[in-house]
Structure formats: C-alpha cells, structure tokens
Amino acid sequence: MKFEASLDRNRIAIGETARLGLSFYGTQSMPAPDIGNIDGLEIRYVGPSTMMTVMNGRVSSSITHMYSVLPLKVGKFQLGPFSFRYKNNTYTSSIVFLEVGEEKVMKSPPKSEEPVVAEKLNVEDRIFVVLKLDKQSAYVNELIPVSIKLYVNRLNVSDITLPVFEQEGFSKVEFKEPMQYREERDGVAYDVLEFKTKIFGMRPGDYRVGPAKIKCNLMVKKKVANASSFRDDMFGDEHYRDSFFDDFFTRYEKHALEIKSDDAQLVISPLPSQGKPSDFMGAVGDYQFIYNANPTKLKVGDPITVLMQINGNGNFNTVLIPKMENVAGFRVYESQVRTEGNSKTFRQVMMPETDQVTQIPKATFSFFDPNAKSYRTITQGPIAIQVEKGKEEAPSQIVGPAPAVERAAPREEALTRDIVYIKESPGRWGQKTHDFYKSKIVVFLLVFPVILLILLFVIEERRDSLKQDTVRGRRIRALRAAKAGIRDLRHQSRGGDQKIFYETLFKTLQDYLGNRLGIPTAGITSDIVEYELSTKDIDMDILRKIRNIFVTCDRAKFAFSTVEKDKMKDDMKELEEIVEYFERRKI
C-alpha cells in the first residue's frame with residue numbers, strides 16, 4: 001500500500017492556510033493518522049475524501065485525509081515523513097516542504113470545472129453508465145435490487161463519485177463497495193465498476209427510476225502540437241502504460257465529466273387488504289421469528305431479558321418489534337434494537353411485579369411475503385417462568401429504655417458568703433438577648449429537611465409515573481435529547497468535522513422521532529416515519545424536510561466532497577423547525 005503526503009500550495013504567507021493531504025492508495029478504509037504537532041505550524045484535521053480511478057485499464061481506490069496548515073511564523077518547514085501503524089503494519093509517507101513568507105503569494109484564478117457530458121468530448125461509446133432493476137414490478141416496501149455499472153474502454157478516469165439517481169417516492173439503502181471486473185459488450189472489452197444498492201417504493205403507482213448519474217474526471221495528457229496526437233493521448237497509447245501515480249501530476253490534466261444512464265420503468269402495487277392481520281405493521285419479506293427469555297426462575301423485582309430475533313430476507317427497515325399478547329403483571333422497559341446483515345434483534349427487559357405471573361406472554365410477528373403474495377403470522381411462546389416472592393425484611397424490634405445507672409451523690413460544698421457592694425448607678429439599659437432556638441437559622445435548619453423530603457417524594461412519584469406511562473416519558477426524553485443534540489450541532493457547525501456533524505444530525509433526528517412517535521429508535525428511516533405519520537394530518541413541507549435530512553445524512557457518510565458551512569446551518573435549521581412543529585402540534 002502506498003502512503004503519500006502532498007500540499008496544495010508550497011508557498012504561502014502568514015495568515016494564509018495550506019491543505020495537507022495524506023493519501024493511502026489501494027484502500028478506502030484507512031483511519032486518519034495522528035500526525036502530532038510541528039513547531040511553528042498549527043495543523044487541524046479537516047476530513048476524509050475517497051476516490052476511485054481507472055488508469056490504463058487498472059482500477060484502483062484511495063482515501064485522502066485532509067488537514068489545514070496555518071503557519072505561526074516565517075520560515076521553511078518540513079512536513080514528514082509521517083509514520084503510521086495500523087493492524088500490525090507500519091506505513092511511512094513521503095516528505096513535503098512548505099515555505100512561509102511575509103508577503104502574500106499571488107495565485108492565478110481557479111479554472112472552472114463545470115461537468116460536461118460525454119458527448120461533448122466524443123467519448124460516449126468509450127465511457128457510459130447502465131442502470132438495471134432486478135424487477136419491473138413490486139409491492140410497497142418490497143426491496144428491489146438495483147445495479148449501476150460504469151463501463152470504461154481505454155480511457156483514464158479519476159475521482160469517480162458514487163452514483164446518484166432520481167428516486168422520488170422511494171427510499172434507498174446505502175451503496176455497497178463496488179465490484180471491479182472486465183466485461184465484453186458487443187465485442188468490445190470494458191473495465192467495469194458495478195455499484196449495487198436496493199430501493200423500495202413507499203407509495204403505489206407507476207414510476208420511472210433514474211437516470212443514474214456519475215461524476216468523474218477524464219484524465220487527458222497535456223496537449224501536444226497536432227490534433228491527431230491529442231486524440232492518441234486521450235485514448236491511451238500503449239507507449240504510456242506506466243504507473244499512473246508516478247507521473248500523474250506532471251503529464252495529465254483533468255476534464256470534469258458527468259455520465260448519465262437511461263431511466264427504468266417500475267410499477268409499485270399496494271399491499272392487498274384481504275387477509276391482512278390486525279398486528280401487521282408494514283414488514284415485507286420472508287422471515288423467521290426466534291423467541292426466548294432468560295432467566296426463567298427468578299424473584300419478584302428481578303429482570304428478565306426477552307430476545308426476539310427476526311431472520312430472513314426482506315426490508316428490515318420496516319421490521320418493528322413483535323407484539324406481545326398481554327404484559328399484565330410486568331413492568332416493561334424500552335427495547336434495544338440491533339440490525340446485522342439479514343437479522344434484526346429486539347432485546348426487551350421485563351420485571352415481574354408479583355409472584356402470580358407464571359409465563360412470558362406469547363408474541364406474534366406478521367409480515368407480507370411478496371413471493372407467495374400472501375400474509376403470514378408467526379406466533380411464539382408463551383414461555384413458562386417461575387417467580388418467587390422477594391426476600392422479606394426482618395421485623396422491627398421495640399427497644400426499651402436503657403437501665404438506670406446509679407449516680408454518685410453530689411458532693412456537698414461549704415457555702416460561703418461574699419461581700420456585694422451596693423451600686424450607685426444601674427449602668428446603661430439594653431434589650432435582653434433573643435433566645436438562640438428562636439433564631440431564623442435554627443428555624444430554617446428545622447424546616448429545610450421537611451421541604452427537601454417533600455420535594456424528593458414529588459420527584460420520585462413523578463419518576464414512577466413516567467415509568468408507568470412510557471409514552472409520556474419518551475416524549476419528555478425526546479425534547480430533552482433534541483435540545484442537547486442541537487447544542488452539539490451548533491458547536492460542530494463552527495468548524496468541526498462535517499462527517500461527525502451529519503452523524504450527530506442523523507442520530508438527533510432518529511432519537512427524537514423514535515421517542516416522539518413511540519417506536520424503536522434504532523433503524524428508523526424516512527419511510528418508517530412516513531408510514532407512522534400516514535394517519536396523521538402532517539404538513540407536507542415537514543415531511544419533505546424529514547426526508548431531506550435523512551437523504552443528506554446518508555450522502556454525507558461517504559464524504560466525497562466538502563459541505564459548505566451555510567448548508568450545514570440550513571440542515572440544522574430544518575431540524576429545529578421539525579422539532580418545533582412536533583412540539584407545537586402535540587404530535
């Protein structure tokens with residue numbers, strides 16, 4: 001694996017900043033190195049940028065961690081070599097030099113890099129995108145595999161972004177790591193990058209998905225004297241099949257390119273109403289349901305952990321916790337949710353409040369199987385348990401008075417008489433000192449414990465009330481957590497890592513909506529929220545803002561480009577408007 005250091009500028013002045021890039025070629029999963037401090041420079045981590053490249057028929061990937069470099073004094077500085085250890089391997093970078101002067105270095109204005117379509121460069125037959133759906137018809141919430149292929153024939157391409165495509169009315173699963181292979185098409189060999197994802201329709205109707213768009217840079221060798229040589233250089237002469245990374249910056253120039261595919265037609269059918277179970281909550285797929293509890297022998301007040309695991313193939317975004325038949329006699333706590341691959345696990349903690357309960361109630365999970373075109377219900381349980389009474393406290397004992405202790409008779413003292421002279425003047429008169437026990441301090445010390453006990457009693461009663469009324473408790477926690485999340489976002493928007501900002505934004509919205517709507521917070525997506533709000537009178541602009549935040553956070557995970565601070569502030573403002581709307585409408 002190659003580890004390189006680079007600067008966007010080698011000469012700057014005091015007050016200016018340079019960008020330091022630490023690039024790892026051959027991977028996209030390398031964490032950011034801790035490069036420490038350099039005397040005379042202030043270095044701050046900016047964020048990662050991933051890239052895929054097709055050069056001379058070879059496909060490669062890389063990740064570059066960007067740092068801002070602010071000089072604190074004039075001079076020439078050496079940056080590197082940086083040494084970095086990861087997974088028992090040590091990586092050492094190259095060295096770069098930065099010269100800092102007093103006067104500002106004049107820069108030529110940046111060239112415009114507006115994307116152009118492939119047809120304008122006459123390469124549409126050598127680089128193109130194909131969008132393919134595995135199904136042309138599906139049910140609401142049914143997963144539809146999507147394949148987007150980038151075909152490249154004897155062209156040098158860099159900075160390949162993830163595909164984007166029109167998906168109004170659909171929700172999309174994030175892209176997987178692209179596959180790389182060669183494929184022959186109409187007798188021509190192509191290097192192929194295949195991106196795979198899945199979509200599912202949230203509303204019935206006839207749709208057109210796409211076109212899929214991929215942005216990249218077409219690498220063209222620097223212009224030569226005649227047009228024929230330029231054309232030969234564009235399509236990659238065999239003479240120049242040497243390493244791309246050795247001469248990239250000295251022999252190539254970039255041309256921004258945007259490639260579009262054709263769109264695809266898709267019909268989304270509504271789920272049938274006939275045979276729909278009463279506990280059906282929107283799950284579509286083919287699943288199995290595993291149900292167990294531990295321990296099964298316990299005492300009143302001891303916790304029981306109930307595990308409900310859903311395995312199979314389908315849309316796990318719409319799989320919600322199975323419904324228990326009757327939980328009377330138990331105190332039920334909020335469930336924890338974890339999704340891994342083709343499995344979703346709900347961990348539910350319950351506490352028996354009486355020794356009269358003898359079983360964990362049965363649970364049912366209903367889903368629609370699109371292959372069988374019918375609903376299915378799986379019932380598990382009940383699970384037998386043995387509950388014993390809690391340990392009784394020892395009875396209180398009456399403690400009598402302590403036996404009398406004989407005291408020695410007081411010693412008689414001889415009385416003496418002193419001479420007391422008669423005072424000629426009574427002296428200065430004054431008010432008698434107030435008794436100490438009647439002072440305000442003593443009264444406060446006596447009354448304060450009583451007030452404190454009453455306050456603690458009210459708090460405990462309110463806490464018990466919230467434990468019993470889980471819906472009200474989750475609503476209160478929702479607003480409290482949302483305010484804390486918004487405070488963190490305001491701090492991060494002033495110059496923090498945009499990836500951490502959007503992770504915080506996503507978690508804040510996810511937790512708020514989950515607690516506000518009374519659904520498990522983990523795994524919440526925009527389609528689940530829309531499904532829960534479908535029966536409520538919700539402003540469409542609010543639904544649009546919710547969907548926009550989910551989509552924006554999903555895109556920000558890949559961090560292919562830097563997001564402007566104004567955009568981050570706008571997204572945070574949309575979150576504040578969503579919370580304000582829900583609190584005002586009491587939803």
# chains A, B, ... in the order shown; residues from 1 in each chain; ligands from 1
$ residues_around --residues "range 505-511 of chain A" --least-positions-apart "4" --cutoff "9 Å" --atoms "only C-alpha atoms" --output "PyMOL selection string"
chain A and resi 478+481-486+489+500-501+515-516+520-525+546+549-550+553-554+571-572+575+578-579
$ select_by_dssp --residues "range 128-298 of chain A" --states "strand (DSSP E)" --output "ChimeraX atom specification"
/A:128-133,137-139,144-152,157-158,164-165,170-172,179-185,188-201,205-209,212-221,252-260,264-269,285-294,297-298
$ residues_around --residues "Gly201 in chain A" --least-positions-apart "5" --cutoff "8 Å" --atoms "only C-alpha atoms" --output "number ranges by chain"
A: 139-142, 169-171, 268
$ closest_residue --among "A:Lys573, A:Lys299, A:Lys567, A:Arg547" --to "Arg487 in chain A" --atoms "only C-alpha atoms"
A:Lys573
$ residues_around --residues "Pro303 in chain A" --least-positions-apart "4" --cutoff "12 Å" --atoms "only C-alpha atoms" --output "list in words"
Ala293, Asn294, Pro295, Thr296, Lys297, Leu298, Lys299, Phe330, Arg331, Val332, Tyr333, Gln348, Val349, Met350, Met351, Pro352, Glu353 and Val387 of chain A
$ select_by_dssp --residues "range 146-388 of chain A" --states "helix (DSSP H, G or I)" --output "number ranges by chain"
A: 227-234, 238-240, 244-251, 316-318
$ write_last_selection --atoms "C-alpha atoms" --output "PDB file, in the first residue's frame"
ATOM      1  CA  ALA A 227      -4.921  17.094 -33.105  1.00  0.00           C
ATOM      2  CA  SER A 228      -4.089  13.510 -34.048  1.00  0.00           C
ATOM      3  CA  SER A 229      -1.505  13.276 -31.281  1.00  0.00           C
ATOM      4  CA  PHE A 230      -4.039  14.767 -28.845  1.00  0.00           C
ATOM      5  CA  ARG A 231      -6.586  12.108 -29.828  1.00  0.00           C
ATOM      6  CA  ASP A 232      -3.996   9.344 -29.377  1.00  0.00           C
ATOM      7  CA  ASP A 233      -3.098  10.692 -25.953  1.00  0.00           C
ATOM      8  CA  MET A 234      -6.753  10.870 -24.911  1.00  0.00           C
ATOM      9  CA  GLU A 238       0.355   1.650 -25.339  1.00  0.00           C
ATOM     10  CA  HIS A 239       3.624   3.538 -25.081  1.00  0.00           C
ATOM     11  CA  TYR A 240       2.390   5.209 -21.866  1.00  0.00           C
ATOM     12  CA  PHE A 244      -0.255   6.446 -13.046  1.00  0.00           C
ATOM     13  CA  PHE A 245       0.869   7.632  -9.652  1.00  0.00           C
ATOM     14  CA  ASP A 246       4.459   8.264 -10.802  1.00  0.00           C
ATOM     15  CA  ASP A 247       3.621  10.922 -13.389  1.00  0.00           C
ATOM     16  CA  PHE A 248       0.013  11.875 -12.851  1.00  0.00           C
ATOM     17  CA  PHE A 249       0.607  15.479 -11.753  1.00  0.00           C
ATOM     18  CA  THR A 250       3.149  16.248 -14.458  1.00  0.00           C
ATOM     19  CA  ARG A 251       1.628  14.631 -17.588  1.00  0.00           C
ATOM     20  CA  PHE A 316     -35.565  -4.771   7.694  1.00  0.00           C
ATOM     21  CA  ASN A 317     -36.213  -1.019   7.792  1.00  0.00           C
ATOM     22  CA  THR A 318     -39.916  -1.836   8.170  1.00  0.00           C
TER      23      THR A 318
END
$ atom_distance --atom1 "CA of Ser374 in chain A" --atom2 "CA of Pro270 in chain A"
12.5 Å
$ residues_around --residues "Glu530 in chain A" --least-positions-apart "3" --cutoff "9 Å" --atoms "only C-alpha atoms" --output "PDB file with N, CA, C and O atoms, in the first residue's frame"
ATOM      1  N   MET A 202     -42.540   3.544  -1.435  1.00  0.00           N
ATOM      2  CA  MET A 202     -43.342   3.842  -0.247  1.00  0.00           C
ATOM      3  C   MET A 202     -44.801   4.089  -0.576  1.00  0.00           C
ATOM      4  O   MET A 202     -45.640   4.077   0.316  1.00  0.00           O
ATOM      5  N   THR A 525     -35.853   5.065   9.509  1.00  0.00           N
ATOM      6  CA  THR A 525     -35.566   5.725   8.241  1.00  0.00           C
ATOM      7  C   THR A 525     -36.752   6.609   7.883  1.00  0.00           C
ATOM      8  O   THR A 525     -37.787   6.589   8.545  1.00  0.00           O
ATOM      9  N   SER A 526     -36.604   7.384   6.818  1.00  0.00           N
ATOM     10  CA  SER A 526     -37.675   8.305   6.435  1.00  0.00           C
ATOM     11  C   SER A 526     -38.955   7.574   6.063  1.00  0.00           C
ATOM     12  O   SER A 526     -40.057   8.057   6.335  1.00  0.00           O
ATOM     13  N   ASP A 527     -38.833   6.384   5.459  1.00  0.00           N
ATOM     14  CA  ASP A 527     -40.041   5.657   5.069  1.00  0.00           C
ATOM     15  C   ASP A 527     -40.813   5.155   6.286  1.00  0.00           C
ATOM     16  O   ASP A 527     -42.054   5.145   6.290  1.00  0.00           O
ATOM     17  N   LEU A 533     -46.634   8.362  10.236  1.00  0.00           N
ATOM     18  CA  LEU A 533     -47.356   9.639  10.171  1.00  0.00           C
ATOM     19  C   LEU A 533     -48.455   9.639   9.115  1.00  0.00           C
ATOM     20  O   LEU A 533     -49.128  10.660   8.935  1.00  0.00           O
ATOM     21  N   SER A 534     -48.633   8.529   8.419  1.00  0.00           N
ATOM     22  CA  SER A 534     -49.600   8.487   7.317  1.00  0.00           C
ATOM     23  C   SER A 534     -51.031   8.699   7.799  1.00  0.00           C
ATOM     24  O   SER A 534     -51.881   9.173   7.045  1.00  0.00           O
ATOM     25  N   LEU A 543     -42.720  16.822   6.166  1.00  0.00           N
ATOM     26  CA  LEU A 543     -42.323  15.510   5.657  1.00  0.00           C
ATOM     27  C   LEU A 543     -41.154  15.641   4.679  1.00  0.00           C
ATOM     28  O   LEU A 543     -40.232  14.816   4.673  1.00  0.00           O
ATOM     29  N   ARG A 547     -37.445  13.944   5.111  1.00  0.00           N
ATOM     30  CA  ARG A 547     -36.849  13.121   4.064  1.00  0.00           C
ATOM     31  C   ARG A 547     -35.516  13.712   3.609  1.00  0.00           C
ATOM     32  O   ARG A 547     -34.540  12.989   3.372  1.00  0.00           O
TER      33      ARG A 547
END
$ closest_residue --among "A:Lys260, A:Gly26, A:Asn315, A:Gly75" --to "Pro145 in chain A" --atoms "only C-alpha atoms"
A:Asn315
$ closest_residue --among "A:Ser147, A:Thr339, A:Asn156, A:Gln380" --to "Ile199 in chain A" --atoms "only C-alpha atoms"
A:Ser147
$ closest_residue --among "A:Pro204, A:Pro277, A:Pro48, A:Pro361" --to "Ser137 in chain A" --atoms "only C-alpha atoms"
A:Pro204
$ residues_around --residues "Leu79 in chain A" --least-positions-apart "5" --cutoff "10 Å" --atoms "only C-alpha atoms" --output "compact mmCIF listing (two decimals) with N, CA and C atoms, in the first residue's frame"
# COMPACT_ATOMS: atom_id res chain seq x y z
N ALA A 5 2.28 12.00 1.08
CA ALA A 5 1.92 13.31 1.61
C ALA A 5 2.01 14.33 0.49
N SER A 6 1.07 15.28 0.45
CA SER A 6 1.09 16.31 -0.59
C SER A 6 0.50 17.60 -0.04
N LEU A 7 0.90 18.72 -0.63
CA LEU A 7 0.39 20.05 -0.28
C LEU A 7 -0.25 20.67 -1.50
N LEU A 20 -2.90 20.01 3.58
CA LEU A 20 -2.03 18.84 3.58
C LEU A 20 -2.89 17.60 3.38
N ILE A 35 -0.85 12.89 13.36
CA ILE A 35 0.48 13.34 12.94
C ILE A 35 1.14 14.25 13.97
N ILE A 38 3.77 20.21 14.79
CA ILE A 38 5.01 20.66 14.15
C ILE A 38 5.28 22.08 14.62
N LEU A 41 3.76 25.56 13.24
CA LEU A 41 2.57 25.33 12.41
C LEU A 41 1.42 24.86 13.29
N SER A 93 5.24 7.96 5.09
CA SER A 93 4.91 8.83 3.95
C SER A 93 6.15 9.48 3.38
N SER A 94 5.95 10.16 2.26
CA SER A 94 7.00 10.97 1.65
C SER A 94 7.12 12.29 2.42
N ILE A 95 8.09 13.12 2.01
CA ILE A 95 8.34 14.41 2.66
C ILE A 95 7.88 15.53 1.74
N VAL A 96 7.26 16.57 2.31
CA VAL A 96 6.91 17.77 1.56
C VAL A 96 7.43 18.99 2.33
N PHE A 97 7.67 20.09 1.59
CA PHE A 97 8.22 21.30 2.20
C PHE A 97 7.24 22.45 1.99
N LEU A 98 7.13 23.30 3.02
CA LEU A 98 6.27 24.47 2.97
C LEU A 98 7.10 25.70 3.30
$ residues_around --residues "Gly390 in chain A" --least-positions-apart "6" --cutoff "9 Å" --atoms "only C-alpha atoms" --output "VMD selection string"
chain A and resid 299 to 302 355
$ write_last_selection --atoms "C-alpha atoms" --output "compact mmCIF listing (two decimals), in the first residue's frame"
# COMPACT_ATOMS: atom_id res chain seq x y z
CA LYS A 299 -37.83 -13.45 42.25
CA VAL A 300 -40.28 -10.56 42.22
CA GLY A 301 -38.45 -7.44 41.04
CA ASP A 302 -35.68 -9.32 39.22
CA ASP A 355 -45.33 -13.88 42.11
$ closest_residue --among "A:Asp286, A:Glu258, A:Glu334, A:Asp263" --to "Thr305 in chain A" --atoms "only C-alpha atoms"
A:Glu334
